[in-house]
Amino acid sequence: MTWQNTPYHHLANVKGAGVDCAQLLIEVYYAVGILERIDVGFYPKDWHLHRSEEVYLAWVEKYCDPDFEPRPGNIALFKFGRCISHAGIITKWPRLIHSYVKHGVVVAAASDAELKGRLYGFYNPFKD
């Protein structure tokens, strides 16, 4: 929750200065000791609009297991463009914290206009 109001910035991962949705997940789960620091390399801002390859999903599935329940701390994945390309951390379903292009890091509901109808599924980062 300490990331709230951090502006959206593609490829950034600095609390208070800028972060995108993928880097937010990496930094939060790293900070609480769930994941090691991950370097996903460069990714274009609009990659999801021009490809069908599930790049984002592949990274999530490398470190997380699918879950059928929207549990606090789990990841909710969303489809924008042609593939899964956005995520947030569930606080209390349907609420989640995410970094969104227009708003930066905010707590929002999965039913809000930007996310409504885009939910793909839930993933558990507490993989053994």
# chains A, B, ... in the order shown; residues from 1 in each chain; ligands from 1
$ select_by_dssp --residues "stretch 58-105 of chain A" --states "strand (DSSP E)" --output "list in words"
Asp65, Pro66, Asp67, Ile75, Ala76, Leu77, Phe78, Lys79, Phe80, Cys83, Ile84, Ser85, His86, Ala87, Gly88, Ile89, Ile90, Thr91, Lys92, Arg95, Leu96, Ile97, His98, Ser99, Tyr100, Gly104 and Val105 of chain A
$ select_by_dssp --residues "chain A" --states "helix (DSSP H, G or I)" --output "JSON, numbers by chain"
{"A": [21, 22, 23, 24, 25, 26, 27, 28, 29, 30, 31, 47, 48, 49, 50, 55, 56, 57, 58, 59, 60, 61, 62, 63]}
$ closest_atom_pairs --of "stretch 46-90 of chain A" --to "stretch 99-113 of chain A" --cutoff "12 Å" --atoms "only C-alpha atoms" --output "tab-separated table"
residue	atom	partner	partner_atom	distance
A:Asp46	CA	A:Val101	CA	11.6
A:Pro70	CA	A:Ala110	CA	10.9
A:Ile75	CA	A:Ala110	CA	11.8
A:Ala76	CA	A:Ala110	CA	8.7
A:Leu77	CA	A:Ala110	CA	10.1
A:Phe78	CA	A:Ala110	CA	9.2
A:Phe80	CA	A:Tyr100	CA	11.9
A:Ser85	CA	A:Tyr100	CA	11.3
A:His86	CA	A:Tyr100	CA	8.5
A:Ala87	CA	A:Ser99	CA	8.3
A:Gly88	CA	A:Ser99	CA	7.4
A:Ile89	CA	A:Val107	CA	9.3
A:Ile90	CA	A:Val107	CA	9.3
$ write_last_selection --atoms "C-alpha atoms" --output "CSV table (one decimal), in the first residue's frame"
chain,number,residue,atom,x,y,z
A,46,ASP,CA,2.7,-1.3,-26.7
A,70,PRO,CA,-9.3,-14.2,-5.5
A,75,ILE,CA,-2.4,-11.6,-8.5
A,76,ALA,CA,-5.3,-10.7,-10.7
A,77,LEU,CA,-4.5,-10.8,-14.5
A,78,PHE,CA,-6.3,-8.8,-17.1
A,80,PHE,CA,-5.8,-5.6,-22.8
A,85,SER,CA,-0.9,-7.5,-20.3
A,86,HIS,CA,-1.9,-6.1,-16.9
A,87,ALA,CA,-2.0,-7.2,-13.3
A,88,GLY,CA,-2.7,-6.1,-9.8
A,89,ILE,CA,-2.3,-7.4,-6.3
A,90,ILE,CA,-5.6,-8.4,-4.6
$ atom_distance --atom1 "atom CA of A:Trp3" --atom2 "atom CA of A:Ile84"
22.8 Å
$ closest_residue --among "A:Val14, A:Leu49, A:Cys64, A:Leu57" --to "A:Leu35" --atoms "only C-alpha atoms"
A:Cys64
$ atom_distance --atom1 "atom CA of A:Leu24" --atom2 "atom CA of A:Glu36"
13.6 Å
$ closest_residue --among "A:Arg71, A:His10, A:Arg118, A:Lys92" --to "A:Pro44" --atoms "only C-alpha atoms"
A:His10
$ residues_around --residues "A:Asn13" --least-positions-apart "5" --cutoff "8 Å" --atoms "only C-alpha atoms" --output "number ranges by chain"
A: 18-20, 23-24, 27
$ closest_residue --among "A:Ala17, A:Met1, A:Leu96, A:Ala22" --to "A:Leu115" --atoms "only C-alpha atoms"
A:Leu96
$ atom_distance --atom1 "atom CA of A:Ala31" --atom2 "atom CA of A:Thr2"
11.5 Å
$ decode --residues "stretch 68-82 of chain A" --atoms "N, CA and C atoms" --output "PDB file, in the first residue's frame"
ATOM      1  N   PHE A  68      -7.938 -20.535  -8.139  1.00  0.00           N
ATOM      2  CA  PHE A  68      -9.331 -20.326  -8.527  1.00  0.00           C
ATOM      3  C   PHE A  68     -10.038 -19.329  -7.631  1.00  0.00           C
ATOM      4  N   GLU A  69      -9.341 -18.898  -6.582  1.00  0.00           N
ATOM      5  CA  GLU A  69      -9.913 -17.959  -5.618  1.00  0.00           C
ATOM      6  C   GLU A  69      -9.170 -16.629  -5.666  1.00  0.00           C
ATOM      7  N   PRO A  70      -9.898 -15.535  -5.556  1.00  0.00           N
ATOM      8  CA  PRO A  70      -9.259 -14.211  -5.497  1.00  0.00           C
ATOM      9  C   PRO A  70      -8.842 -13.875  -4.065  1.00  0.00           C
ATOM     10  N   ARG A  71      -7.782 -14.484  -3.592  1.00  0.00           N
ATOM     11  CA  ARG A  71      -7.321 -14.332  -2.208  1.00  0.00           C
ATOM     12  C   ARG A  71      -6.449 -13.082  -2.047  1.00  0.00           C
ATOM     13  N   PRO A  72      -6.468 -12.458  -0.873  1.00  0.00           N
ATOM     14  CA  PRO A  72      -5.565 -11.322  -0.629  1.00  0.00           C
ATOM     15  C   PRO A  72      -4.111 -11.736  -0.868  1.00  0.00           C
ATOM     16  N   GLY A  73      -3.388 -10.896  -1.580  1.00  0.00           N
ATOM     17  CA  GLY A  73      -2.002 -11.176  -1.903  1.00  0.00           C
ATOM     18  C   GLY A  73      -1.826 -11.860  -3.239  1.00  0.00           C
ATOM     19  N   ASN A  74      -2.891 -12.443  -3.758  1.00  0.00           N
ATOM     20  CA  ASN A  74      -2.822 -13.064  -5.080  1.00  0.00           C
ATOM     21  C   ASN A  74      -2.779 -12.002  -6.173  1.00  0.00           C
ATOM     22  N   ILE A  75      -2.421 -12.435  -7.352  1.00  0.00           N
ATOM     23  CA  ILE A  75      -2.370 -11.572  -8.527  1.00  0.00           C
ATOM     24  C   ILE A  75      -3.633 -11.778  -9.349  1.00  0.00           C
ATOM     25  N   ALA A  76      -4.225 -10.686  -9.787  1.00  0.00           N
ATOM     26  CA  ALA A  76      -5.332 -10.739 -10.749  1.00  0.00           C
ATOM     27  C   ALA A  76      -4.762 -10.284 -12.089  1.00  0.00           C
ATOM     28  N   LEU A  77      -4.975 -11.095 -13.118  1.00  0.00           N
ATOM     29  CA  LEU A  77      -4.475 -10.775 -14.456  1.00  0.00           C
ATOM     30  C   LEU A  77      -5.606 -10.301 -15.355  1.00  0.00           C
ATOM     31  N   PHE A  78      -5.283  -9.366 -16.244  1.00  0.00           N
ATOM     32  CA  PHE A  78      -6.270  -8.763 -17.125  1.00  0.00           C
ATOM     33  C   PHE A  78      -5.763  -8.757 -18.564  1.00  0.00           C
ATOM     34  N   LYS A  79      -6.688  -8.857 -19.494  1.00  0.00           N
ATOM     35  CA  LYS A  79      -6.362  -8.854 -20.907  1.00  0.00           C
ATOM     36  C   LYS A  79      -6.660  -7.482 -21.511  1.00  0.00           C
ATOM     37  N   PHE A  80      -5.639  -6.870 -22.059  1.00  0.00           N
ATOM     38  CA  PHE A  80      -5.756  -5.631 -22.819  1.00  0.00           C
ATOM     39  C   PHE A  80      -5.102  -5.917 -24.160  1.00  0.00           C
ATOM     40  N   GLY A  81      -5.666  -5.416 -25.221  1.00  0.00           N
ATOM     41  CA  GLY A  81      -5.091  -5.710 -26.521  1.00  0.00           C
ATOM     42  C   GLY A  81      -5.320  -7.165 -26.870  1.00  0.00           C
ATOM     43  N   ARG A  82      -4.278  -7.814 -27.376  1.00  0.00           N
ATOM     44  CA  ARG A  82      -4.412  -9.183 -27.876  1.00  0.00           C
ATOM     45  C   ARG A  82      -4.029 -10.256 -26.872  1.00  0.00           C
TER      46      ARG A  82
END
